[in-house]
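Shown here: structure26.pdb, PDB, N, CA and C atoms, pLDDT in the B column.
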```
MODEL        1
ATOM      1  N   MET A   1     114.838  87.269 108.352  1.00 73.00           N
ATOM      2  CA  MET A   1     114.950  86.247 107.334  1.00 73.00           C
ATOM      3  C   MET A   1     113.949  85.103 107.589  1.00 73.00           C
ATOM      4  N   VAL A   2     113.712  84.800 108.838  1.00 72.00           N
ATOM      5  CA  VAL A   2     112.764  83.734 109.165  1.00 72.00           C
ATOM      6  C   VAL A   2     111.363  84.129 108.711  1.00 72.00           C
ATOM      7  N   PHE A   3     111.028  85.409 108.864  1.00 71.00           N
ATOM      8  CA  PHE A   3     109.716  85.887 108.448  1.00 71.00           C
ATOM      9  C   PHE A   3     109.547  85.734 106.936  1.00 71.00           C
ATOM     10  N   LEU A   4     110.574  86.092 106.181  1.00 79.00           N
ATOM     11  CA  LEU A   4     110.504  85.935 104.728  1.00 79.00           C
ATOM     12  C   LEU A   4     110.417  84.470 104.331  1.00 79.00           C
ATOM     13  N   TYR A   5     111.149  83.619 104.998  1.00 80.00           N
ATOM     14  CA  TYR A   5     111.094  82.189 104.702  1.00 80.00           C
ATOM     15  C   TYR A   5     109.704  81.631 104.993  1.00 80.00           C
ATOM     16  N   GLY A   6     109.128  82.023 106.113  1.00 77.00           N
ATOM     17  CA  GLY A   6     107.790  81.560 106.457  1.00 77.00           C
ATOM     18  C   GLY A   6     106.741  82.073 105.504  1.00 77.00           C
ATOM     19  N   THR A   7     106.929  83.303 105.017  1.00 77.00           N
ATOM     20  CA  THR A   7     105.956  83.909 104.121  1.00 77.00           C
ATOM     21  C   THR A   7     106.071  83.383 102.701  1.00 77.00           C
ATOM     22  N   LEU A   8     107.280  83.286 102.184  1.00 80.00           N
ATOM     23  CA  LEU A   8     107.461  82.971 100.771  1.00 80.00           C
ATOM     24  C   LEU A   8     107.622  81.482 100.479  1.00 80.00           C
ATOM     25  N   VAL A   9     108.409  80.789 101.256  1.00 82.00           N
ATOM     26  CA  VAL A   9     108.700  79.384 100.973  1.00 82.00           C
ATOM     27  C   VAL A   9     107.648  78.463 101.567  1.00 82.00           C
ATOM     28  N   LEU A  10     107.215  78.771 102.773  1.00 83.00           N
ATOM     29  CA  LEU A  10     106.254  77.898 103.456  1.00 83.00           C
ATOM     30  C   LEU A  10     104.825  78.436 103.393  1.00 83.00           C
ATOM     31  N   ALA A  11     104.509  79.163 102.355  1.00 79.00           N
ATOM     32  CA  ALA A  11     103.165  79.730 102.225  1.00 79.00           C
ATOM     33  C   ALA A  11     102.129  78.615 102.143  1.00 79.00           C
ATOM     34  N   GLU A  12     100.994  78.845 102.795  1.00 80.00           N
ATOM     35  CA  GLU A  12      99.866  77.902 102.822  1.00 80.00           C
ATOM     36  C   GLU A  12     100.183  76.582 103.519  1.00 80.00           C
ATOM     37  N   ARG A  13     101.243  76.556 104.279  1.00 86.00           N
ATOM     38  CA  ARG A  13     101.545  75.394 105.121  1.00 86.00           C
ATOM     39  C   ARG A  13     101.397  75.798 106.564  1.00 86.00           C
ATOM     40  N   ARG A  14     101.130  74.823 107.402  1.00 87.00           N
ATOM     41  CA  ARG A  14     100.945  75.109 108.825  1.00 87.00           C
ATOM     42  C   ARG A  14     102.195  75.731 109.441  1.00 87.00           C
ATOM     43  N   SER A  15     103.362  75.234 109.089  1.00 86.00           N
ATOM     44  CA  SER A  15     104.597  75.776 109.666  1.00 86.00           C
ATOM     45  C   SER A  15     104.817  77.227 109.248  1.00 86.00           C
ATOM     46  N   GLY A  16     104.458  77.582 108.031  1.00 87.00           N
ATOM     47  CA  GLY A  16     104.574  78.964 107.589  1.00 87.00           C
ATOM     48  C   GLY A  16     103.651  79.887 108.359  1.00 87.00           C
ATOM     49  N   HIS A  17     102.424  79.423 108.602  1.00 89.00           N
ATOM     50  CA  HIS A  17     101.482  80.236 109.373  1.00 89.00           C
ATOM     51  C   HIS A  17     101.933  80.382 110.826  1.00 89.00           C
ATOM     52  N   VAL A  18     102.514  79.348 111.389  1.00 90.00           N
ATOM     53  CA  VAL A  18     102.999  79.425 112.775  1.00 90.00           C
ATOM     54  C   VAL A  18     104.165  80.406 112.868  1.00 90.00           C
ATOM     55  N   ILE A  19     105.077  80.381 111.899  1.00 89.00           N
ATOM     56  CA  ILE A  19     106.199  81.330 111.888  1.00 89.00           C
ATOM     57  C   ILE A  19     105.674  82.752 111.798  1.00 89.00           C
ATOM     58  N   MET A  20     104.722  82.992 110.899  1.00 88.00           N
ATOM     59  CA  MET A  20     104.167  84.336 110.755  1.00 88.00           C
ATOM     60  C   MET A  20     103.403  84.759 112.006  1.00 88.00           C
ATOM     61  N   LEU A  21     102.733  83.823 112.667  1.00 91.00           N
ATOM     62  CA  LEU A  21     102.008  84.127 113.890  1.00 91.00           C
ATOM     63  C   LEU A  21     102.965  84.585 114.985  1.00 91.00           C
ATOM     64  N   LEU A  22     104.062  83.872 115.164  1.00 90.00           N
ATOM     65  CA  LEU A  22     105.028  84.223 116.203  1.00 90.00           C
ATOM     66  C   LEU A  22     105.741  85.535 115.912  1.00 90.00           C
ATOM     67  N   VAL A  23     106.108  85.754 114.664  1.00 89.00           N
ATOM     68  CA  VAL A  23     106.779  87.003 114.301  1.00 89.00           C
ATOM     69  C   VAL A  23     105.816  88.179 114.438  1.00 89.00           C
ATOM     70  N   GLY A  24     104.551  87.988 114.066  1.00 90.00           N
ATOM     71  CA  GLY A  24     103.564  89.046 114.234  1.00 90.00           C
ATOM     72  C   GLY A  24     103.334  89.392 115.691  1.00 90.00           C
ATOM     73  N   LEU A  25     103.304  88.384 116.535  1.00 90.00           N
ATOM     74  CA  LEU A  25     103.143  88.616 117.969  1.00 90.00           C
ATOM     75  C   LEU A  25     104.341  89.377 118.536  1.00 90.00           C
ATOM     76  N   PHE A  26     105.535  89.003 118.121  1.00 89.00           N
ATOM     77  CA  PHE A  26     106.744  89.697 118.568  1.00 89.00           C
ATOM     78  C   PHE A  26     106.749  91.152 118.098  1.00 89.00           C
ATOM     79  N   ALA A  27     106.372  91.379 116.835  1.00 88.00           N
ATOM     80  CA  ALA A  27     106.378  92.744 116.295  1.00 88.00           C
ATOM     81  C   ALA A  27     105.321  93.612 116.963  1.00 88.00           C
ATOM     82  N   ALA A  28     104.159  93.045 117.247  1.00 87.00           N
ATOM     83  CA  ALA A  28     103.106  93.814 117.905  1.00 87.00           C
ATOM     84  C   ALA A  28     103.512  94.194 119.324  1.00 87.00           C
ATOM     85  N   GLY A  29     104.205  93.333 120.016  1.00 84.00           N
ATOM     86  CA  GLY A  29     104.648  93.631 121.374  1.00 84.00           C
ATOM     87  C   GLY A  29     105.880  94.493 121.435  1.00 84.00           C
ATOM     88  N   HIS A  30     106.598  94.583 120.343  1.00 79.00           N
ATOM     89  CA  HIS A  30     107.848  95.330 120.320  1.00 79.00           C
ATOM     90  C   HIS A  30     107.624  96.841 120.409  1.00 79.00           C
ATOM     91  N   ALA A  31     106.479  97.320 119.988  1.00 72.00           N
ATOM     92  CA  ALA A  31     106.225  98.757 120.036  1.00 72.00           C
ATOM     93  C   ALA A  31     106.126  99.258 121.473  1.00 72.00           C
ATOM     94  N   ARG A  32     105.759  98.416 122.381  1.00 69.00           N
ATOM     95  CA  ARG A  32     105.604  98.819 123.779  1.00 69.00           C
ATOM     96  C   ARG A  32     106.839  98.503 124.622  1.00 69.00           C
ATOM     97  N   HIS A  33     107.493  97.428 124.340  1.00 61.00           N
ATOM     98  CA  HIS A  33     108.542  96.900 125.204  1.00 61.00           C
ATOM     99  C   HIS A  33     109.795  97.772 125.356  1.00 61.00           C
ATOM    100  N   PRO A  34     110.395  98.329 124.318  1.00 57.00           N
ATOM    101  CA  PRO A  34     111.706  98.962 124.498  1.00 57.00           C
ATOM    102  C   PRO A  34     111.707 100.214 125.377  1.00 57.00           C
ATOM    103  N   HIS A  35     110.580 100.879 125.526  1.00 59.00           N
ATOM    104  CA  HIS A  35     110.579 102.151 126.239  1.00 59.00           C
ATOM    105  C   HIS A  35     109.560 102.153 127.364  1.00 59.00           C
ATOM    106  N   GLU A  36     109.638 101.178 128.218  1.00 59.00           N
ATOM    107  CA  GLU A  36     108.666 101.094 129.305  1.00 59.00           C
ATOM    108  C   GLU A  36     108.804 102.265 130.280  1.00 59.00           C
ATOM    109  N   GLY A  37     110.014 102.744 130.513  1.00 59.00           N
ATOM    110  CA  GLY A  37     110.208 103.834 131.447  1.00 59.00           C
ATOM    111  C   GLY A  37     110.115 105.209 130.809  1.00 59.00           C
ATOM    112  N   ALA A  38     110.333 105.300 129.512  1.00 64.00           N
ATOM    113  CA  ALA A  38     110.336 106.588 128.824  1.00 64.00           C
ATOM    114  C   ALA A  38     108.935 106.914 128.303  1.00 64.00           C
ATOM    115  N   HIS A  39     108.720 108.168 128.048  1.00 70.00           N
ATOM    116  CA  HIS A  39     107.456 108.623 127.490  1.00 70.00           C
ATOM    117  C   HIS A  39     107.662 108.922 126.005  1.00 70.00           C
ATOM    118  N   TYR A  40     106.685 108.542 125.197  1.00 66.00           N
ATOM    119  CA  TYR A  40     106.814 108.744 123.754  1.00 66.00           C
ATOM    120  C   TYR A  40     106.911 110.223 123.396  1.00 66.00           C
ATOM    121  N   GLY A  41     106.270 111.092 124.165  1.00 70.00           N
ATOM    122  CA  GLY A  41     106.351 112.529 123.895  1.00 70.00           C
ATOM    123  C   GLY A  41     107.763 113.064 124.027  1.00 70.00           C
ATOM    124  N   GLU A  42     108.482 112.589 125.029  1.00 72.00           N
ATOM    125  CA  GLU A  42     109.872 113.021 125.219  1.00 72.00           C
ATOM    126  C   GLU A  42     110.774 112.498 124.108  1.00 72.00           C
ATOM    127  N   ILE A  43     110.540 111.274 123.701  1.00 72.00           N
ATOM    128  CA  ILE A  43     111.350 110.692 122.636  1.00 72.00           C
ATOM    129  C   ILE A  43     111.070 111.397 121.322  1.00 72.00           C
ATOM    130  N   ALA A  44     109.801 111.715 121.048  1.00 70.00           N
ATOM    131  CA  ALA A  44     109.429 112.345 119.782  1.00 70.00           C
ATOM    132  C   ALA A  44     110.015 113.739 119.638  1.00 70.00           C
ATOM    133  N   LYS A  45     110.276 114.433 120.741  1.00 77.00           N
ATOM    134  CA  LYS A  45     110.838 115.781 120.681  1.00 77.00           C
ATOM    135  C   LYS A  45     112.336 115.773 120.397  1.00 77.00           C
ATOM    136  N   SER A  46     113.002 114.648 120.589  1.00 78.00           N
ATOM    137  CA  SER A  46     114.440 114.587 120.345  1.00 78.00           C
ATOM    138  C   SER A  46     114.716 114.529 118.844  1.00 78.00           C
ATOM    139  N   THR A  47     115.971 114.674 118.486  1.00 81.00           N
ATOM    140  CA  THR A  47     116.365 114.646 117.078  1.00 81.00           C
ATOM    141  C   THR A  47     116.087 113.273 116.477  1.00 81.00           C
ATOM    142  N   GLY A  48     115.270 113.243 115.441  1.00 81.00           N
ATOM    143  CA  GLY A  48     114.911 111.992 114.793  1.00 81.00           C
ATOM    144  C   GLY A  48     113.919 111.158 115.577  1.00 81.00           C
ATOM    145  N   GLY A  49     113.453 111.687 116.675  1.00 78.00           N
ATOM    146  CA  GLY A  49     112.564 110.922 117.541  1.00 78.00           C
ATOM    147  C   GLY A  49     111.185 110.701 116.970  1.00 78.00           C
ATOM    148  N   PHE A  50     110.660 111.693 116.234  1.00 80.00           N
ATOM    149  CA  PHE A  50     109.328 111.544 115.655  1.00 80.00           C
ATOM    150  C   PHE A  50     109.290 110.360 114.698  1.00 80.00           C
ATOM    151  N   PHE A  51     110.297 110.262 113.834  1.00 84.00           N
ATOM    152  CA  PHE A  51     110.340 109.148 112.890  1.00 84.00           C
ATOM    153  C   PHE A  51     110.502 107.821 113.625  1.00 84.00           C
ATOM    154  N   PHE A  52     111.290 107.809 114.693  1.00 80.00           N
ATOM    155  CA  PHE A  52     111.498 106.589 115.464  1.00 80.00           C
ATOM    156  C   PHE A  52     110.204 106.114 116.117  1.00 80.00           C
ATOM    157  N   VAL A  53     109.463 107.030 116.727  1.00 78.00           N
ATOM    158  CA  VAL A  53     108.197 106.670 117.363  1.00 78.00           C
ATOM    159  C   VAL A  53     107.193 106.225 116.312  1.00 78.00           C
ATOM    160  N   TRP A  54     107.156 106.934 115.180  1.00 84.00           N
ATOM    161  CA  TRP A  54     106.246 106.558 114.091  1.00 84.00           C
ATOM    162  C   TRP A  54     106.583 105.152 113.582  1.00 84.00           C
ATOM    163  N   ALA A  55     107.863 104.845 113.430  1.00 86.00           N
ATOM    164  CA  ALA A  55     108.269 103.519 112.952  1.00 86.00           C
ATOM    165  C   ALA A  55     107.896 102.430 113.955  1.00 86.00           C
ATOM    166  N   LEU A  56     108.023 102.710 115.254  1.00 84.00           N
ATOM    167  CA  LEU A  56     107.620 101.732 116.264  1.00 84.00           C
ATOM    168  C   LEU A  56     106.123 101.451 116.201  1.00 84.00           C
ATOM    169  N   TRP A  57     105.311 102.495 116.062  1.00 85.00           N
ATOM    170  CA  TRP A  57     103.862 102.300 115.982  1.00 85.00           C
ATOM    171  C   TRP A  57     103.474 101.583 114.695  1.00 85.00           C
ATOM    172  N   ALA A  58     104.163 101.881 113.599  1.00 91.00           N
ATOM    173  CA  ALA A  58     103.892 101.179 112.339  1.00 91.00           C
ATOM    174  C   ALA A  58     104.258  99.697 112.467  1.00 91.00           C
ATOM    175  N   LEU A  59     105.376  99.404 113.116  1.00 90.00           N
ATOM    176  CA  LEU A  59     105.772  98.015 113.344  1.00 90.00           C
ATOM    177  C   LEU A  59     104.744  97.287 114.191  1.00 90.00           C
ATOM    178  N   GLY A  60     104.249  97.938 115.223  1.00 89.00           N
ATOM    179  CA  GLY A  60     103.228  97.324 116.065  1.00 89.00           C
ATOM    180  C   GLY A  60     101.940  97.061 115.316  1.00 89.00           C
ATOM    181  N   GLY A  61     101.516  98.004 114.496  1.00 92.00           N
ATOM    182  CA  GLY A  61     100.296  97.827 113.710  1.00 92.00           C
ATOM    183  C   GLY A  61     100.418  96.719 112.682  1.00 92.00           C
ATOM    184  N   LEU A  62     101.529  96.685 111.987  1.00 92.00           N
ATOM    185  CA  LEU A  62     101.741  95.618 110.999  1.00 92.00           C
ATOM    186  C   LEU A  62     101.894  94.256 111.674  1.00 92.00           C
ATOM    187  N   GLY A  63     102.497  94.244 112.849  1.00 91.00           N
ATOM    188  CA  GLY A  63     102.621  92.990 113.592  1.00 91.00           C
ATOM    189  C   GLY A  63     101.267  92.452 114.014  1.00 91.00           C
ATOM    190  N   GLY A  64     100.401  93.345 114.479  1.00 91.00           N
ATOM    191  CA  GLY A  64      99.053  92.929 114.852  1.00 91.00           C
ATOM    192  C   GLY A  64      98.269  92.417 113.656  1.00 91.00           C
ATOM    193  N   PHE A  65      98.399  93.098 112.528  1.00 93.00           N
ATOM    194  CA  PHE A  65      97.727  92.675 111.308  1.00 93.00           C
ATOM    195  C   PHE A  65      98.250  91.315 110.844  1.00 93.00           C
ATOM    196  N   THR A  66      99.562  91.114 110.919  1.00 89.00           N
ATOM    197  CA  THR A  66     100.159  89.831 110.552  1.00 89.00           C
ATOM    198  C   THR A  66      99.675  88.722 111.473  1.00 89.00           C
ATOM    199  N   PHE A  67      99.597  89.014 112.763  1.00 92.00           N
ATOM    200  CA  PHE A  67      99.118  88.035 113.730  1.00 92.00           C
ATOM    201  C   PHE A  67      97.683  87.606 113.412  1.00 92.00           C
ATOM    202  N   ILE A  68      96.824  88.567 113.128  1.00 93.00           N
ATOM    203  CA  ILE A  68      95.423  88.264 112.823  1.00 93.00           C
ATOM    204  C   ILE A  68      95.304  87.440 111.549  1.00 93.00           C
ATOM    205  N   LEU A  69      96.019  87.838 110.510  1.00 91.00           N
ATOM    206  CA  LEU A  69      95.929  87.101 109.242  1.00 91.00           C
ATOM    207  C   LEU A  69      96.483  85.686 109.351  1.00 91.00           C
ATOM    208  N   SER A  70      97.566  85.508 110.082  1.00 90.00           N
ATOM    209  CA  SER A  70      98.126  84.159 110.216  1.00 90.00           C
ATOM    210  C   SER A  70      97.236  83.281 111.093  1.00 90.00           C
ATOM    211  N   ALA A  71      96.627  83.853 112.125  1.00 92.00           N
ATOM    212  CA  ALA A  71      95.682  83.077 112.941  1.00 92.00           C
ATOM    213  C   ALA A  71      94.482  82.666 112.108  1.00 92.00           C
ATOM    214  N   ARG A  72      94.016  83.558 111.268  1.00 91.00           N
ATOM    215  CA  ARG A  72      92.898  83.229 110.377  1.00 91.00           C
ATOM    216  C   ARG A  72      93.291  82.129 109.385  1.00 91.00           C
ATOM    217  N   GLY A  73      94.511  82.197 108.866  1.00 89.00           N
ATOM    218  CA  GLY A  73      94.993  81.155 107.967  1.00 89.00           C
ATOM    219  C   GLY A  73      95.117  79.808 108.658  1.00 89.00           C
ATOM    220  N   LEU A  74      95.610  79.812 109.887  1.00 89.00           N
ATOM    221  CA  LEU A  74      95.681  78.564 110.653  1.00 89.00           C
ATOM    222  C   LEU A  74      94.296  78.002 110.925  1.00 89.00           C
ATOM    223  N   TRP A  75      93.353  78.867 111.224  1.00 90.00           N
ATOM    224  CA  TRP A  75      91.982  78.422 111.489  1.00 90.00           C
ATOM    225  C   TRP A  75      91.367  77.789 110.243  1.00 90.00           C
ATOM    226  N   SER A  76      91.612  78.385 109.083  1.00 87.00           N
ATOM    227  CA  SER A  76      91.047  77.821 107.854  1.00 87.00           C
ATOM    228  C   SER A  76      91.729  76.504 107.482  1.00 87.00           C
ATOM    229  N   LEU A  77      93.017  76.367 107.798  1.00 84.00           N
ATOM    230  CA  LEU A  77      93.679  75.077 107.556  1.00 84.00           C
ATOM    231  C   LEU A  77      93.125  73.993 108.463  1.00 84.00           C
ATOM    232  N   ARG A  78      92.805  74.377 109.685  1.00 78.00           N
ATOM    233  CA  ARG A  78      92.269  73.416 110.649  1.00 78.00           C
ATOM    234  C   ARG A  78      90.896  72.922 110.208  1.00 78.00           C
ATOM    235  N   ARG A  79      90.104  73.820 109.700  1.00 74.00           N
ATOM    236  CA  ARG A  79      88.755  73.465 109.290  1.00 74.00           C
ATOM    237  C   ARG A  79      88.715  72.821 107.922  1.00 74.00           C
ATOM    238  N   GLY A  80      89.809  72.902 107.173  1.00 69.00           N
ATOM    239  CA  GLY A  80      89.874  72.276 105.857  1.00 69.00           C
ATOM    240  C   GLY A  80      89.094  73.004 104.797  1.00 69.00           C
ATOM    241  N   GLN A  81      88.950  74.314 104.968  1.00 60.00           N
ATOM    242  CA  GLN A  81      88.209  75.102 103.994  1.00 60.00           C
ATOM    243  C   GLN A  81      89.080  75.410 102.795  1.00 60.00           C
ATOM    244  N   PRO A  82      88.527  75.317 101.594  1.00 56.00           N
ATOM    245  CA  PRO A  82      89.285  75.756 100.425  1.00 56.00           C
ATOM    246  C   PRO A  82      89.359  77.272 100.380  1.00 56.00           C
ATOM    247  N   LYS A  83      90.392  77.778  99.770  1.00 53.00           N
ATOM    248  CA  LYS A  83      90.580  79.232  99.718  1.00 53.00           C
ATOM    249  C   LYS A  83      89.912  79.818  98.518  1.00 53.00           C
TER     250      LYS A  83
ENDMDL
END
```

Would you write the structure of this file as structure tokens?
Amino acid sequence: MVFLYGTLVLAERRSGHVIMLLVGLFAAGHARHPHEGAHYGEIAKSTGGFFFVWALWALGGLGGFTFILSARGLWSLRRGQPK
């Protein structure tokens, strides 16, 4: 819910970009964190495991993309560039 609030209500504001930056960083790191001891190959072979691993990688990719876009938005706000 915080991500939606930062994206929709606080769009083009510094606080909205900071919220999106933090959520993107968390999502990008989440793909690696939950299974530090397990191997993705073993998880993917289990029932429903392929979809689970695919969803984790998709979350990580979207988190990285969100992080980059929000950092770019913060940079443009700092420089005072019009959009």

Problem set entry | Output of the PyMOL selection byres (((chain A and resi 7-24 and name CA) around 8) and name CA), listed as a list in words |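 With the shown file as input, the PyMOL selection byres (((chain A and resi 7-24 and name CA) around 8) and name CA) matches Val2, Phe3, Leu4, Tyr5, Gly6, Leu25, Phe26, Ala27, Ala28, Leu62, Gly63, Gly64, Phe65, Thr66, Phe67, Ile68, Ser70, Ala71, Gly73, Leu74 and Leu77 of chain A.
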
Could you dump the residues just selected with N, CA and C atoms as a JSON list (two decimals), in the coordinates of the input?
```
[["chain", "number", "residue", "atom", "x", "y", "z"],
["A", 2, "VAL", "N", 113.71, 84.80, 108.84],
["A", 2, "VAL", "CA", 112.76, 83.73, 109.16],
["A", 2, "VAL", "C", 111.36, 84.13, 108.71],
["A", 3, "PHE", "N", 111.03, 85.41, 108.86],
["A", 3, "PHE", "CA", 109.72, 85.89, 108.45],
["A", 3, "PHE", "C", 109.55, 85.73, 106.94],
["A", 4, "LEU", "N", 110.57, 86.09, 106.18],
["A", 4, "LEU", "CA", 110.50, 85.94, 104.73],
["A", 4, "LEU", "C", 110.42, 84.47, 104.33],
["A", 5, "TYR", "N", 111.15, 83.62, 105.00],
["A", 5, "TYR", "CA", 111.09, 82.19, 104.70],
["A", 5, "TYR", "C", 109.70, 81.63, 104.99],
["A", 6, "GLY", "N", 109.13, 82.02, 106.11],
["A", 6, "GLY", "CA", 107.79, 81.56, 106.46],
["A", 6, "GLY", "C", 106.74, 82.07, 105.50],
["A", 25, "LEU", "N", 103.30, 88.38, 116.54],
["A", 25, "LEU", "CA", 103.14, 88.62, 117.97],
["A", 25, "LEU", "C", 104.34, 89.38, 118.54],
["A", 26, "PHE", "N", 105.54, 89.00, 118.12],
["A", 26, "PHE", "CA", 106.74, 89.70, 118.57],
["A", 26, "PHE", "C", 106.75, 91.15, 118.10],
["A", 27, "ALA", "N", 106.37, 91.38, 116.84],
["A", 27, "ALA", "CA", 106.38, 92.74, 116.30],
["A", 27, "ALA", "C", 105.32, 93.61, 116.96],
["A", 28, "ALA", "N", 104.16, 93.04, 117.25],
["A", 28, "ALA", "CA", 103.11, 93.81, 117.90],
["A", 28, "ALA", "C", 103.51, 94.19, 119.32],
["A", 62, "LEU", "N", 101.53, 96.68, 111.99],
["A", 62, "LEU", "CA", 101.74, 95.62, 111.00],
["A", 62, "LEU", "C", 101.89, 94.26, 111.67],
["A", 63, "GLY", "N", 102.50, 94.24, 112.85],
["A", 63, "GLY", "CA", 102.62, 92.99, 113.59],
["A", 63, "GLY", "C", 101.27, 92.45, 114.01],
["A", 64, "GLY", "N", 100.40, 93.34, 114.48],
["A", 64, "GLY", "CA", 99.05, 92.93, 114.85],
["A", 64, "GLY", "C", 98.27, 92.42, 113.66],
["A", 65, "PHE", "N", 98.40, 93.10, 112.53],
["A", 65, "PHE", "CA", 97.73, 92.68, 111.31],
["A", 65, "PHE", "C", 98.25, 91.32, 110.84],
["A", 66, "THR", "N", 99.56, 91.11, 110.92],
["A", 66, "THR", "CA", 100.16, 89.83, 110.55],
["A", 66, "THR", "C", 99.68, 88.72, 111.47],
["A", 67, "PHE", "N", 99.60, 89.01, 112.76],
["A", 67, "PHE", "CA", 99.12, 88.04, 113.73],
["A", 67, "PHE", "C", 97.68, 87.61, 113.41],
["A", 68, "ILE", "N", 96.82, 88.57, 113.13],
["A", 68, "ILE", "CA", 95.42, 88.26, 112.82],
["A", 68, "ILE", "C", 95.30, 87.44, 111.55],
["A", 70, "SER", "N", 97.57, 85.51, 110.08],
["A", 70, "SER", "CA", 98.13, 84.16, 110.22],
["A", 70, "SER", "C", 97.24, 83.28, 111.09],
["A", 71, "ALA", "N", 96.63, 83.85, 112.12],
["A", 71, "ALA", "CA", 95.68, 83.08, 112.94],
["A", 71, "ALA", "C", 94.48, 82.67, 112.11],
["A", 73, "GLY", "N", 94.51, 82.20, 108.87],
["A", 73, "GLY", "CA", 94.99, 81.16, 107.97],
["A", 73, "GLY", "C", 95.12, 79.81, 108.66],
["A", 74, "LEU", "N", 95.61, 79.81, 109.89],
["A", 74, "LEU", "CA", 95.68, 78.56, 110.65],
["A", 74, "LEU", "C", 94.30, 78.00, 110.92],
["A", 77, "LEU", "N", 93.02, 76.37, 107.80],
["A", 77, "LEU", "CA", 93.68, 75.08, 107.56],
["A", 77, "LEU", "C", 93.12, 73.99, 108.46]]
```

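Here CA of Leu69 in chain A and CA of Trp57 in chain A stand 18.4 Å from one another.
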
For this session: Using the chain letters and residue numbers of this document, give as a list in words the residues selected by the PyMOL selection byres (((chain A and resi 56 and name CA) around 12) and name CA).
Result: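 Here the PyMOL selection byres (((chain A and resi 56 and name CA) around 12) and name CA) matches Ala27, Ala28, Gly29, His30, Ala31, Arg32, His33, Pro34, His35, Tyr40, Ile43, Ala44, Gly49, Phe50, Phe51, Phe52, Val53, Trp54, Ala55, Trp57, Ala58, Leu59, Gly60, Gly61, Leu62 and Gly63 of chain A.
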
Exercise. Atom N of Arg72 in chain A to atom C of Met1 in chain A: how many Å, to one decimal?
Worked result: 20.3 Å
